[in-house]
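Notes follow the structure.
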Amino acid sequence: MISLHGLTKEYPGGVRAVDALDLEIADGEFFALLGPSGCGKTTLLRTIAGLETATAGRVTIGGTEVTGLPPGRRDVAMVFQDYALFPHMDVTTNIAYPLRIRKVPRAEREAKAAETASRLSLSELLARRPGQLSGGQQQRVALARAIACHPRAFLFDEPLSNLDARMRLEARTFLKRLQRELAVTTVFVTHDQGEALAMADRIAVMSAGRIMQVGTPAEVFQRPANTFVASFIGSTPMNLLPGVVRDGALHVAGAVLPRPDGVADGEEVVYGLRPEYMDLAEGEHADGFAGKVSVVENLGTAYLVTLDCGEHLVQAVVPEDAEPAPGAAACAVPRHRRALVYRDGELVTP
Amino acid sequence: MSTDAAGLGRGRAVGFMVPALVLIGVFLVFPALWTIYLGLTDFRLTGLAAADPKFVGAENYTAALGDERFHTSLWLTVQFVLGSAVIGQAGLGFAIAWALRDRSGPVRRVVEGLVLLAWILPSSVVAFLWIALLDGDQGTLNALLRTDGFAWLLDHPMASIVLFNTWRGTAFSMMLYGAALESVPPSHLETARLAGASAFQQLRDVVFPRIRGHMLTNLLLISLWTFNDFTAFQLTAGGPEGRSEILPVYIYNVALNGGKLGFGAAVSFLVLLINLVLALVYLRLLRGRRGVAA
Ligand SMILES: Nc1ncnc2c1ncn2[C@@H]1O[C@H](COP(=O)(O)OP(=O)(O)OP(=O)(O)O)[C@@H](O)[C@H]1O
Ligand SMILES: [Mg+2]
């Protein structure tokens, strides 16, 4: 288990990369840190590892407070984006390196390296140098090195980002299965939300050194706790339209919708709905957003249609063969049950 | 058909080469051959043999190889190179570069500035400074240590010139190692740190393997420079009683002070051979590394 209490990291020069952060990561959990570039994911991971010293707050790993301990005594293994394999050592020596530092006898550590390597299908490559391996193989060697020393936690900093799109999908599945088998607490940094949603047990969405929401992928995807998470998560950005509650109805971008639960008359709110939950209809609908089709984007098996509704743009995803022509008049009808309402940036829909 | 990439043709290619070859011939090959020739004569600075040097065969060489003073001088040179170049300059240079590696701001600039200053000052100036520092009667060091009247240059001439040359030449190693350390990826050092590696283990497993080429190149250059360095002459002139007479000083003393130019030329040629062997050994080591890396 990893717990963080009020963890803060301020770089010289005054950048607060991690800002008074509290977090509990359960034993054996696959935990993803997700957020836009520069939000402090790497810094948080490095502070957990001990590669950066915390400015304030505490880090506890497996019940032991490690805030003041050097990285080597925290019993964690990290996989870097560039894998950090030692070029002058062969695969066996690389995998066995942490064991060598722990003074495990040579025969024992080589056996351990061979065993770990075979688990990751690297047995054929044991005598090679990192320079003679493909990117995917190097990534597996880096994983093997992390696994071989049985740490209390794995820390991964975008380990898949150097792989091509196809390899990345394979590695995802592979990594997730491996983590299940080993049941070692894992913190995984990524800025790819697809990766986080696919692999993690829980996700923390970060922004500017703070955590905006922690939850399972389903929670984070279906009920973003605030407008930041709502606009960040999802392959197509969520429609977030300002509206006002008046006379028991919600007035948004020219549409009059039933008053959602949790808001009272006279309140200004933001109405959120994923484009996937908008249906495109022809003609006028009182509870729909009428507008003119301005852009049609091909998503492969569907189309993302952008409607120009006067002041606002509304997006809807329509199935293949149903896409309207640009310039045509259309109406986007929301599925009310999926709608989320935010007041002052926070979710109020129960 | 011409096979040269530039398409010059043989004639014009030779034409372009000739000026360079002539310069090399006049300023490098000819003096070397002349040294060999002189080494085979009894050429002297003054007297009869100056006007009419006679061919004496290998006599100078056998004399030099049998000369006690030459042996001592060679041994002192080895001490000088190992002490001031390999241990002093390379060791200290690396230590400074390592200590400053992720430091920035005033500390780094001041240290680098001081070290560089020792390197860029003219040798006559620094020699004077060191004599003033180490002088027995009025020396700064004695004033600092309250060891009045202690003649450092007379009592510890070798230690003095080793220290002097270390101070003088550390800048080069520091700069070279500083640049080399930049090429060590931080993630490699951090991986070692996470595994629990000590500073020594980080150096052994991550840093040295990565900068081995830089280290060998640096050692080759500073060894050769130190082997041929004459600045120490300005501190001790080889004395007292030849106790700091390294080879370049020895050659100067026998050839110009002693007037035996032929003998001096023979010793010079021997020094040239030693340098050549030194360079070949380093190059072999360097090539060995390439072979491994490939
Ligand atoms: N060594 C440093 N010194 C000063 N500021 C730093 C340092 N490292 C990072 N920062 C700053 O801290 C903030 C967080 O950086 P961090 O590397 O943790 O972001 P990240 O979320 O990992 O981004 P990315 O997805 O691009 O990797 C950024 O504003 C960055 O400029
Ligand atoms: Mg990062």
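Quick note on naming: the chains in the structure tokens go A, B, ... in the order shown, residues restart at 1 in each chain, and ligands are numbered from 1 in order of appearance.
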Residues of chain A were defined as contacting chain B if any atom lay at most 8 Å from it, counting only C-alpha atoms; please report them as a ChimeraX atom specification. /A:49,51,71-78,80,82,84-86,88,97-98,101-102
Neighbouring residues of ligand 1 are defined here as those with any atom at most 7 Å from a ligand atom, counting only C-alpha atoms and all ligand atoms; list them as a PDB file with N, CA and C atoms, in the first residue's frame.
ATOM      1  N   TYR A  11       9.831  22.896  -6.943  1.00  0.00           N
ATOM      2  CA  TYR A  11      11.172  22.969  -7.530  1.00  0.00           C
ATOM      3  C   TYR A  11      11.776  24.327  -7.217  1.00  0.00           C
ATOM      4  N   PRO A  12      13.117  24.374  -7.193  1.00  0.00           N
ATOM      5  CA  PRO A  12      13.746  25.684  -7.035  1.00  0.00           C
ATOM      6  C   PRO A  12      13.253  26.593  -8.160  1.00  0.00           C
ATOM      7  N   GLY A  13      12.915  27.805  -7.838  1.00  0.00           N
ATOM      8  CA  GLY A  13      12.321  28.678  -8.842  1.00  0.00           C
ATOM      9  C   GLY A  13      10.833  28.819  -8.605  1.00  0.00           C
ATOM     10  N   VAL A  15       8.237  26.502  -8.854  1.00  0.00           N
ATOM     11  CA  VAL A  15       7.194  25.713  -9.514  1.00  0.00           C
ATOM     12  C   VAL A  15       6.670  24.677  -8.528  1.00  0.00           C
ATOM     13  N   ARG A  16       5.378  24.718  -8.234  1.00  0.00           N
ATOM     14  CA  ARG A  16       4.774  23.716  -7.371  1.00  0.00           C
ATOM     15  C   ARG A  16       4.262  22.595  -8.244  1.00  0.00           C
ATOM     16  N   ALA A  17       5.086  21.585  -8.474  1.00  0.00           N
ATOM     17  CA  ALA A  17       4.707  20.529  -9.412  1.00  0.00           C
ATOM     18  C   ALA A  17       3.727  19.562  -8.763  1.00  0.00           C
ATOM     19  N   GLY A  35      -3.126  12.853 -16.803  1.00  0.00           N
ATOM     20  CA  GLY A  35      -3.265  14.307 -16.798  1.00  0.00           C
ATOM     21  C   GLY A  35      -2.535  14.910 -17.966  1.00  0.00           C
ATOM     22  N   PRO A  36      -2.817  16.162 -18.260  1.00  0.00           N
ATOM     23  CA  PRO A  36      -2.155  16.817 -19.389  1.00  0.00           C
ATOM     24  C   PRO A  36      -0.672  17.013 -19.115  1.00  0.00           C
ATOM     25  N   SER A  37       0.081  17.331 -20.134  1.00  0.00           N
ATOM     26  CA  SER A  37       1.521  17.517 -20.006  1.00  0.00           C
ATOM     27  C   SER A  37       1.827  18.624 -19.007  1.00  0.00           C
ATOM     28  N   GLY A  38       2.815  18.361 -18.136  1.00  0.00           N
ATOM     29  CA  GLY A  38       3.238  19.384 -17.191  1.00  0.00           C
ATOM     30  C   GLY A  38       2.401  19.458 -15.927  1.00  0.00           C
ATOM     31  N   CYS A  39       1.480  18.498 -15.717  1.00  0.00           N
ATOM     32  CA  CYS A  39       0.614  18.598 -14.549  1.00  0.00           C
ATOM     33  C   CYS A  39       1.280  18.008 -13.308  1.00  0.00           C
ATOM     34  N   GLY A  40       2.459  17.398 -13.456  1.00  0.00           N
ATOM     35  CA  GLY A  40       3.181  16.918 -12.283  1.00  0.00           C
ATOM     36  C   GLY A  40       3.148  15.412 -12.068  1.00  0.00           C
ATOM     37  N   LYS A  41       2.770  14.647 -13.083  1.00  0.00           N
ATOM     38  CA  LYS A  41       2.705  13.192 -12.933  1.00  0.00           C
ATOM     39  C   LYS A  41       4.079  12.599 -12.662  1.00  0.00           C
ATOM     40  N   THR A  42       5.032  12.974 -13.514  1.00  0.00           N
ATOM     41  CA  THR A  42       6.380  12.437 -13.360  1.00  0.00           C
ATOM     42  C   THR A  42       6.961  12.856 -12.012  1.00  0.00           C
ATOM     43  N   THR A  43       6.750  14.100 -11.657  1.00  0.00           N
ATOM     44  CA  THR A  43       7.273  14.587 -10.388  1.00  0.00           C
ATOM     45  C   THR A  43       6.701  13.789  -9.223  1.00  0.00           C
ATOM     46  N   LEU A  44       5.390  13.525  -9.272  1.00  0.00           N
ATOM     47  CA  LEU A  44       4.771  12.752  -8.196  1.00  0.00           C
ATOM     48  C   LEU A  44       5.401  11.354  -8.115  1.00  0.00           C
ATOM     49  N   THR A 190       0.693   8.096 -17.280  1.00  0.00           N
ATOM     50  CA  THR A 190       0.447   8.162 -18.713  1.00  0.00           C
ATOM     51  C   THR A 190      -0.296   9.445 -19.026  1.00  0.00           C
ATOM     52  N   HIS A 191      -0.124   9.935 -20.245  1.00  0.00           N
ATOM     53  CA  HIS A 191      -0.998  11.034 -20.628  1.00  0.00           C
ATOM     54  C   HIS A 191      -1.996  10.555 -21.674  1.00  0.00           C
TER      55      HIS A 191
END
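You can rank A:Val59, A:Ala264, A:Met89, A:Lys103 by their closest distance to A:Ala127 using only C-alpha atoms, and at the top of that list sits A:Met89.
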Residue set, stretch 101-217 of chain A restricted to strand (DSSP E or B), as a PyMOL selection string: chain A and resi 153-157+185-190+202-207+210-215
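By chain and then residue number, the residues within 6 Å of stretch 111-125 of chain B are B:Arg108, B:Arg109, B:Ala127, B:Phe128, B:Arg168, B:Gly169, B:Ala171, counting only C-alpha atoms and disregarding those fewer than 2 positions away in sequence.
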Those same residues, written as a PDB file, in the first residue's frame with N, CA, C and O atoms?
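Result file result_13.pdb:
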ATOM      1  N   ARG B 108      29.482  26.751  -9.203  1.00  0.00           N
ATOM      2  CA  ARG B 108      30.053  26.100 -10.365  1.00  0.00           C
ATOM      3  C   ARG B 108      30.931  27.070 -11.160  1.00  0.00           C
ATOM      4  O   ARG B 108      32.048  26.742 -11.550  1.00  0.00           O
ATOM      5  N   ARG B 109      30.407  28.273 -11.362  1.00  0.00           N
ATOM      6  CA  ARG B 109      31.156  29.230 -12.182  1.00  0.00           C
ATOM      7  C   ARG B 109      32.472  29.623 -11.517  1.00  0.00           C
ATOM      8  O   ARG B 109      33.499  29.743 -12.183  1.00  0.00           O
ATOM      9  N   ALA B 127      54.921  30.046 -13.101  1.00  0.00           N
ATOM     10  CA  ALA B 127      56.150  29.583 -12.457  1.00  0.00           C
ATOM     11  C   ALA B 127      56.586  30.595 -11.402  1.00  0.00           C
ATOM     12  O   ALA B 127      56.936  30.226 -10.281  1.00  0.00           O
ATOM     13  N   PHE B 128      56.527  31.849 -11.757  1.00  0.00           N
ATOM     14  CA  PHE B 128      56.897  32.893 -10.793  1.00  0.00           C
ATOM     15  C   PHE B 128      55.984  32.845  -9.565  1.00  0.00           C
ATOM     16  O   PHE B 128      56.438  32.916  -8.427  1.00  0.00           O
ATOM     17  N   ARG B 168      48.180  23.061 -12.545  1.00  0.00           N
ATOM     18  CA  ARG B 168      48.266  23.758 -13.820  1.00  0.00           C
ATOM     19  C   ARG B 168      47.339  23.140 -14.868  1.00  0.00           C
ATOM     20  O   ARG B 168      46.719  23.841 -15.649  1.00  0.00           O
ATOM     21  N   GLY B 169      47.234  21.805 -14.885  1.00  0.00           N
ATOM     22  CA  GLY B 169      46.597  21.163 -16.037  1.00  0.00           C
ATOM     23  C   GLY B 169      45.242  20.528 -15.773  1.00  0.00           C
ATOM     24  O   GLY B 169      44.664  19.913 -16.656  1.00  0.00           O
ATOM     25  N   ALA B 171      42.357  21.701 -15.494  1.00  0.00           N
ATOM     26  CA  ALA B 171      41.234  22.275 -16.243  1.00  0.00           C
ATOM     27  C   ALA B 171      40.840  21.409 -17.436  1.00  0.00           C
ATOM     28  O   ALA B 171      39.653  21.151 -17.657  1.00  0.00           O
TER      29      ALA B 171
END
Suppose you want the space between atom CA of A:Glu267 and atom CA of A:Glu219; what is it in Å? 25.9 Å
For A:Asp287, the closest of A:Val263, A:Val270, A:Val333, A:Cys309 counting only C-alpha atoms is A:Val333
For A:Val244: contacts at 7 Å, only C-alpha atoms, fewer than 6 positions along chain excluded, given as a list in words: Leu250, His251, Val252, Gly266, Glu267, Glu268 and Val269 of chain A
Which of stretch 71-244 of chain B DSSP labels helix (DSSP H, G or I), written as a PyMOL selection string: chain B and resi 71-99+106-120+123-134+140-145+152-155+157-182+186-195+199-227+233-236
Residue contacts of stretch 52-63 of chain B (12 Å, only C-alpha atoms) excluding same-chain residues fewer than 5 positions away, as a ChimeraX atom specification: /B:36-47,68-71,260-271
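Using only C-alpha atoms and all ligand atoms for every distance, the candidate list A:Pro159, A:Thr55, A:Glu115, A:Gly14 yields A:Pro159 as the residue closest to ligand 2.
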Atomic distance atom CA of A:Asp22 - atom CA of A:Leu34, expressed in Å with one decimal: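 Going from atom CA of A:Asp22 over to atom CA of A:Leu34, I get 15.6 Å.
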Hey, what's within 12 Å of A:Leu133 if we count only C-alpha atoms and toss same-chain stuff fewer than 3 positions away? As a PyMOL selection string, please? chain A and resi 85+87+90-91+122+124-130+136-142
